[in-house]
>>> print(open('upload-v1.cif').read())   # mmCIF, C-alpha atoms
data_final
loop_
_atom_site.group_PDB
_atom_site.id
_atom_site.type_symbol
_atom_site.label_atom_id
_atom_site.label_comp_id
_atom_site.auth_asym_id
_atom_site.auth_seq_id
_atom_site.Cartn_x
_atom_site.Cartn_y
_atom_site.Cartn_z
ATOM 1 C CA MET A 1473 -3.310 0.471 82.877
ATOM 2 C CA LYS A 1474 -1.702 1.468 86.176
ATOM 3 C CA LYS A 1475 1.650 1.873 84.417
ATOM 4 C CA LEU A 1476 0.051 4.170 81.834
ATOM 5 C CA TRP A 1477 -1.532 6.391 84.490
ATOM 6 C CA LEU A 1478 1.711 6.430 86.473
ATOM 7 C CA SER A 1479 3.677 7.468 83.404
ATOM 8 C CA LEU A 1480 1.193 10.243 82.631
ATOM 9 C CA LEU A 1481 1.298 11.492 86.228
ATOM 10 C CA ILE A 1482 5.096 11.544 86.272
ATOM 11 C CA GLY A 1483 5.087 13.385 82.948
ATOM 12 C CA ILE A 1484 2.631 16.023 84.202
ATOM 13 C CA LEU A 1485 4.599 16.535 87.412
ATOM 14 C CA SER A 1486 7.833 16.872 85.449
ATOM 15 C CA LEU A 1487 6.289 19.517 83.196
ATOM 16 C CA GLY A 1488 5.025 21.367 86.270
ATOM 17 C CA VAL A 1489 8.501 21.430 87.813
ATOM 18 C CA LEU A 1490 10.078 22.626 84.564
ATOM 19 C CA SER A 1491 7.425 25.315 84.140
ATOM 20 C CA SER A 1492 7.904 26.629 87.656
ATOM 21 C CA CYS A 1493 11.671 26.826 87.113
ATOM 22 C CA ALA A 1494 11.249 28.620 83.795
ATOM 23 C CA ALA A 1495 8.832 31.142 85.299
ATOM 24 C CA LYS A 1496 11.246 32.234 88.055
ATOM 25 C CA PRO A 1497 11.795 35.976 87.548
ATOM 26 C CA LYS A 1498 15.312 37.224 86.850
ATOM 27 C CA PRO A 1499 16.684 40.454 88.375
ATOM 28 C CA GLU A 1500 17.552 41.916 84.962
ATOM 29 C CA GLU A 1501 14.051 41.531 83.480
ATOM 30 C CA PRO A 1502 12.588 44.924 84.540
ATOM 31 C CA LEU A 1503 15.831 46.578 83.472
ATOM 32 C CA THR A 1504 15.813 45.097 79.980
ATOM 33 C CA THR A 1505 12.082 45.861 79.716
ATOM 34 C CA PHE A 1506 12.831 49.496 80.529
ATOM 35 C CA LEU A 1507 15.808 49.804 78.176
ATOM 36 C CA ASP A 1508 14.083 48.071 75.241
ATOM 37 C CA ALA A 1509 10.836 50.023 75.605
ATOM 38 C CA PHE A 1510 12.577 53.359 76.072
ATOM 39 C CA LYS A 1511 14.822 52.837 73.039
ATOM 40 C CA ASN A 1512 11.749 52.077 70.910
ATOM 41 C CA LYS A 1513 9.799 55.038 72.372
ATOM 42 C CA GLU A 1514 7.077 52.727 73.638
ATOM 43 C CA VAL A 1515 4.576 54.244 76.041
ATOM 44 C CA ILE A 1516 4.386 51.822 78.986
ATOM 45 C CA ASP A 1517 3.995 52.155 82.747
ATOM 46 C CA TYR A 1518 7.666 52.994 83.340
ATOM 47 C CA ALA A 1519 7.099 53.956 86.979
ATOM 48 C CA SER A 1520 5.984 50.387 87.771
ATOM 49 C CA LEU A 1521 9.503 49.153 86.987
ATOM 50 C CA PHE A 1522 11.028 51.266 89.771
ATOM 51 C CA ASN A 1523 10.596 51.149 93.543
ATOM 52 C CA GLY A 1524 11.469 54.771 94.258
ATOM 53 C CA ASP A 1525 10.880 58.296 93.023
ATOM 54 C CA VAL A 1526 10.793 58.458 89.247
ATOM 55 C CA SER A 1527 8.558 61.500 88.980
ATOM 56 C CA SER A 1528 10.107 62.411 85.628
ATOM 57 C CA MET A 1529 8.933 59.072 84.229
ATOM 58 C CA THR A 1530 5.381 60.024 83.285
ATOM 59 C CA SER A 1531 3.032 57.772 81.355
ATOM 60 C CA ASP A 1532 4.569 59.260 78.197
ATOM 61 C CA PRO A 1533 8.146 60.473 78.830
ATOM 62 C CA PHE A 1534 8.514 61.373 75.151
ATOM 63 C CA SER A 1535 5.768 63.992 75.096
ATOM 64 C CA THR A 1536 6.589 67.662 75.433
ATOM 65 C CA GLU A 1537 4.532 70.788 75.843
ATOM 66 C CA GLU A 1538 6.943 72.726 73.699
ATOM 67 C CA THR A 1539 7.077 72.435 69.945
ATOM 68 C CA PRO A 1540 10.077 70.225 69.113
ATOM 69 C CA ASN A 1541 12.913 72.117 67.470
ATOM 70 C CA GLU A 1542 16.052 70.898 65.758
ATOM 71 C CA ILE A 1543 18.028 70.687 69.002
ATOM 72 C CA SER A 1544 15.464 68.701 71.039
ATOM 73 C CA THR A 1545 14.837 66.367 68.097
ATOM 74 C CA LYS A 1546 18.549 65.731 67.583
ATOM 75 C CA MET A 1547 19.133 65.301 71.324
ATOM 76 C CA MET A 1548 16.440 62.613 71.561
ATOM 77 C CA GLU A 1549 17.849 60.918 68.468
ATOM 78 C CA MET A 1550 21.301 60.750 70.076
ATOM 79 C CA ILE A 1551 19.980 59.479 73.422
ATOM 80 C CA LEU A 1552 17.917 56.717 71.795
ATOM 81 C CA ALA A 1553 20.916 55.560 69.742
ATOM 82 C CA TYR A 1554 22.256 53.584 72.728
ATOM 83 C CA GLU A 1555 22.997 49.883 72.603
ATOM 84 C CA TYR A 1556 23.423 47.740 75.693
ATOM 85 C CA LYS A 1557 24.504 44.315 76.910
ATOM 86 C CA VAL A 1558 23.804 42.594 80.214
ATOM 87 C CA LYS A 1559 27.300 41.601 81.340
ATOM 88 C CA GLU A 1560 26.486 40.058 84.715
ATOM 89 C CA SER A 1561 23.659 39.566 87.190
ATOM 90 C CA VAL A 1562 24.488 38.774 90.818
ATOM 91 C CA THR A 1563 21.759 38.100 93.382
ATOM 92 C CA ALA A 1564 22.475 38.494 97.096
ATOM 93 C CA GLN A 1565 22.212 35.432 99.358
ATOM 94 C CA ASP A 1566 18.934 36.633 100.835
ATOM 95 C CA GLY A 1567 17.444 36.802 97.328
ATOM 96 C CA LEU A 1568 16.037 40.271 97.945
ATOM 97 C CA THR A 1569 18.642 42.441 96.237
ATOM 98 C CA ALA A 1570 20.788 42.091 93.150
ATOM 99 C CA VAL A 1571 23.301 43.990 91.051
ATOM 100 C CA VAL A 1572 23.009 43.877 87.264
ATOM 101 C CA THR A 1573 26.017 45.059 85.276
ATOM 102 C CA ILE A 1574 25.155 46.785 82.003
ATOM 103 C CA GLU A 1575 27.560 47.842 79.253
ATOM 104 C CA PHE A 1576 26.323 50.800 77.202
ATOM 105 C CA THR A 1577 27.599 51.863 73.798
ATOM 106 C CA THR A 1578 26.517 55.445 73.127
ATOM 107 C CA ILE A 1579 27.393 58.731 71.533
ATOM 108 C CA ASP A 1580 29.484 60.794 73.960
ATOM 109 C CA ILE A 1581 26.627 63.227 74.529
ATOM 110 C CA GLY A 1582 28.411 64.744 77.513
ATOM 111 C CA GLN A 1583 31.299 65.809 75.287
ATOM 112 C CA VAL A 1584 28.887 67.008 72.610
ATOM 113 C CA PHE A 1585 27.235 69.241 75.220
ATOM 114 C CA LYS A 1586 30.592 70.648 76.380
ATOM 115 C CA ASP A 1587 31.790 71.316 72.820
ATOM 116 C CA PHE A 1588 28.481 72.942 71.960
ATOM 117 C CA MET A 1589 28.526 75.256 74.975
ATOM 118 C CA THR A 1590 32.140 76.306 74.354
ATOM 119 C CA GLU A 1591 31.576 77.121 70.680
ATOM 120 C CA TYR A 1592 28.123 78.630 71.168
ATOM 121 C CA MET A 1593 29.193 80.997 73.952
ATOM 122 C CA THR A 1594 32.017 82.328 71.777
ATOM 123 C CA ARG A 1595 29.796 82.931 68.765
ATOM 124 C CA ALA A 1596 26.870 84.261 70.827
ATOM 125 C CA PHE A 1597 29.035 86.932 72.470
ATOM 126 C CA GLU A 1598 30.408 87.997 69.101
ATOM 127 C CA LEU A 1599 26.904 88.264 67.659
ATOM 128 C CA ALA A 1600 25.544 90.109 70.682
ATOM 129 C CA PHE A 1601 28.261 92.757 70.457
ATOM 130 C CA SER A 1602 27.665 93.125 66.724
ATOM 131 C CA GLY A 1603 23.979 93.906 67.311
ATOM 132 C CA ALA A 1604 22.472 90.589 66.191
ATOM 133 C CA THR A 1605 18.840 89.896 67.071
ATOM 134 C CA GLU A 1606 17.717 87.222 69.526
ATOM 135 C CA GLU A 1607 16.378 85.159 66.629
ATOM 136 C CA GLU A 1608 19.742 85.287 64.869
ATOM 137 C CA ILE A 1609 21.580 84.188 68.006
ATOM 138 C CA THR A 1610 19.106 81.343 68.508
ATOM 139 C CA GLN A 1611 19.605 80.185 64.927
ATOM 140 C CA VAL A 1612 23.366 80.160 65.403
ATOM 141 C CA GLY A 1613 22.872 78.020 68.503
ATOM 142 C CA ILE A 1614 20.908 75.488 66.474
ATOM 143 C CA GLU A 1615 23.549 75.463 63.741
ATOM 144 C CA VAL A 1616 26.410 74.973 66.231
ATOM 145 C CA PHE A 1617 24.610 72.147 68.024
ATOM 146 C CA LEU A 1618 23.890 70.296 64.782
ATOM 147 C CA GLU A 1619 27.489 70.760 63.613
ATOM 148 C CA VAL A 1620 28.892 69.306 66.821
ATOM 149 C CA SER A 1621 26.358 66.488 67.217
ATOM 150 C CA ASN A 1622 26.481 65.357 63.588
ATOM 151 C CA ALA A 1623 30.250 64.927 63.894
ATOM 152 C CA ALA A 1624 29.976 62.719 67.014
ATOM 153 C CA ALA A 1625 30.549 58.982 66.720
ATOM 154 C CA LYS A 1626 28.809 56.259 68.720
ATOM 155 C CA ASP A 1627 31.921 54.932 70.414
ATOM 156 C CA LYS A 1628 31.565 55.693 74.134
ATOM 157 C CA ILE A 1629 31.619 52.530 76.265
ATOM 158 C CA THR A 1630 30.245 52.814 79.803
ATOM 159 C CA THR A 1631 29.822 50.009 82.335
ATOM 160 C CA VAL A 1632 27.180 50.553 84.999
ATOM 161 C CA ASP A 1633 26.149 48.536 88.050
ATOM 162 C CA VAL A 1634 22.390 48.785 88.527
ATOM 163 C CA ASP A 1635 20.862 48.072 91.945
ATOM 164 C CA MET A 1636 17.762 45.884 91.901
ATOM 165 C CA VAL A 1637 15.382 45.031 94.750
ATOM 166 C CA LYS A 1638 12.667 42.384 95.091
ATOM 167 C CA GLU A 1639 9.372 43.498 96.595
ATOM 168 C CA ASP A 1640 6.345 41.195 96.906
ATOM 169 C CA GLY A 1641 8.110 38.638 94.725
ATOM 170 C CA LYS A 1642 8.717 41.182 91.965
ATOM 171 C CA TRP A 1643 12.117 42.506 90.869
ATOM 172 C CA MET A 1644 12.302 46.292 90.503
ATOM 173 C CA ILE A 1645 14.947 48.877 89.632
ATOM 174 C CA LYS A 1646 15.893 51.021 92.608
ATOM 175 C CA GLY A 1647 14.538 54.501 91.976
ATOM 176 C CA GLY A 1648 15.466 57.922 93.301
ATOM 177 C CA SER A 1649 19.170 58.768 93.172
ATOM 178 C CA ASP A 1650 20.318 55.165 93.749
ATOM 179 C CA ASN A 1651 20.710 54.460 90.048
ATOM 180 C CA LEU A 1652 21.635 57.858 88.662
ATOM 181 C CA ALA A 1653 24.584 56.168 86.926
ATOM 182 C CA LEU A 1654 22.082 54.124 84.884
ATOM 183 C CA PHE A 1655 20.603 57.239 83.302
ATOM 184 C CA ASP A 1656 24.016 58.875 82.925
ATOM 185 C CA GLY A 1657 25.298 55.811 81.076
ATOM 186 C CA LEU A 1658 22.211 55.632 78.888
ATOM 187 C CA MET A 1659 22.589 59.328 77.990
ATOM 188 C CA GLY A 1660 26.265 59.130 77.140
ATOM 189 C CA GLY A 1661 27.573 60.959 80.210
ATOM 190 C CA LEU A 1662 25.283 63.967 79.820
ATOM 191 C CA ILE A 1663 24.384 64.166 83.531
ATOM 192 C CA THR A 1664 28.027 64.066 84.635
ATOM 193 C CA SER A 1665 28.961 66.654 82.022
ATOM 194 C CA MET A 1666 26.240 69.086 83.162
ATOM 195 C CA GLU A 1667 27.257 68.628 86.794
ATOM 196 C CA ASP A 1668 30.901 69.312 85.921
ATOM 197 C CA MET A 1669 30.023 72.462 84.018
ATOM 198 C CA GLY A 1670 27.773 73.581 86.861
ATOM 199 C CA GLY A 1671 30.604 73.213 89.325
ATOM 200 C CA GLU A 1672 28.779 70.668 91.442
#
>>> encode(input="upload-v1.cif", output="structure tokens")
Amino acid sequence: MKKLWLSLLIGILSLGVLSSCAAKPKPEEPLTTFLDAFKNKEVIDYASLFNGDVSSMTSDPFSTEETPNEISTKMMEMILAYEYKVKESVTAQDGLTAVVTIEFTTIDIGQVFKDFMTEYMTRAFELAFSGATEEEITQVGIEVFLEVSNAAAKDKITTVDVDMVKEDGKWMIKGGSDNLALFDGLMGGLITSMEDMGGE
């Protein structure tokens, strides 16, 4: 009988050890939660995944006060087309910080934006000088954007190192400007493209 109880006790302890090992949080978990939820347009508490300022991440980042038009709809479609892979996850010796390397495959939205602006400015000036109405110029803008974006392939590969931090035993994505490259990679270089065109 003692052997039976001893065997059961050892088995229970072994399961407890295995369970505690399996439950150990990984640095990439909040990052993959964010990327998976965002891609599927799930409304979750995005701000809870970050440790800094993410004021643009409201409870529903997909809502808009404006009526969606063809450009905003197409832009969101292109952004959400991203695919990603976790290439590496390296935790610092102190166990409080980590770097997760993500590889994004996206549409080159940055180039789409540049091509759109170049073509649209040319056509808009021509229309303005010919006496076109504001509505006509706006419609041309929509047509140019759809032409350029529909021709874009999803072939841009971007590798990004994402800084993670552990607070109160919980891994979080560093917020604020620390991980701007994460959002730039996700959006196919759009942030970099807008900065370049703005001369910043």
>>> atom_distance(input="upload-v1.cif", atom1="CA of Gly1660 in chain A", atom2="CA of Ser1520 in chain A")
24.5 Å
>>> resolve_selection(input="upload-v1.cif", expression="the PyMOL selection byres ((chain A and resi 1625) around 12)", output="list in words")
Met1550, Ala1553, Tyr1554, Thr1577, Thr1578, Ile1579, Asp1580, Ile1581, Gln1583, Val1584, Val1620, Ser1621, Asn1622, Ala1623, Ala1624, Lys1626, Asp1627, Lys1628, Ile1629 and Gly1660 of chain A
>>> residues_around(input="upload-v1.cif", residues="Glu1591 in chain A", least_positions_apart="5", cutoff="10 Å", atoms="all atoms listed in the file", output="list in words")
Lys1586, Ala1596, Gly1613, Val1616, Phe1617 and Val1620 of chain A
>>> closest_residue(input="upload-v1.cif", among="A:Thr1630, A:Asn1541, A:Thr1505, A:Thr1594", to="Leu1618 in chain A", atoms="only C-alpha atoms")
A:Asn1541
>>> atom_distance(input="upload-v1.cif", atom1="CA of Trp1643 in chain A", atom2="CA of Lys1513 in chain A")
22.5 Å
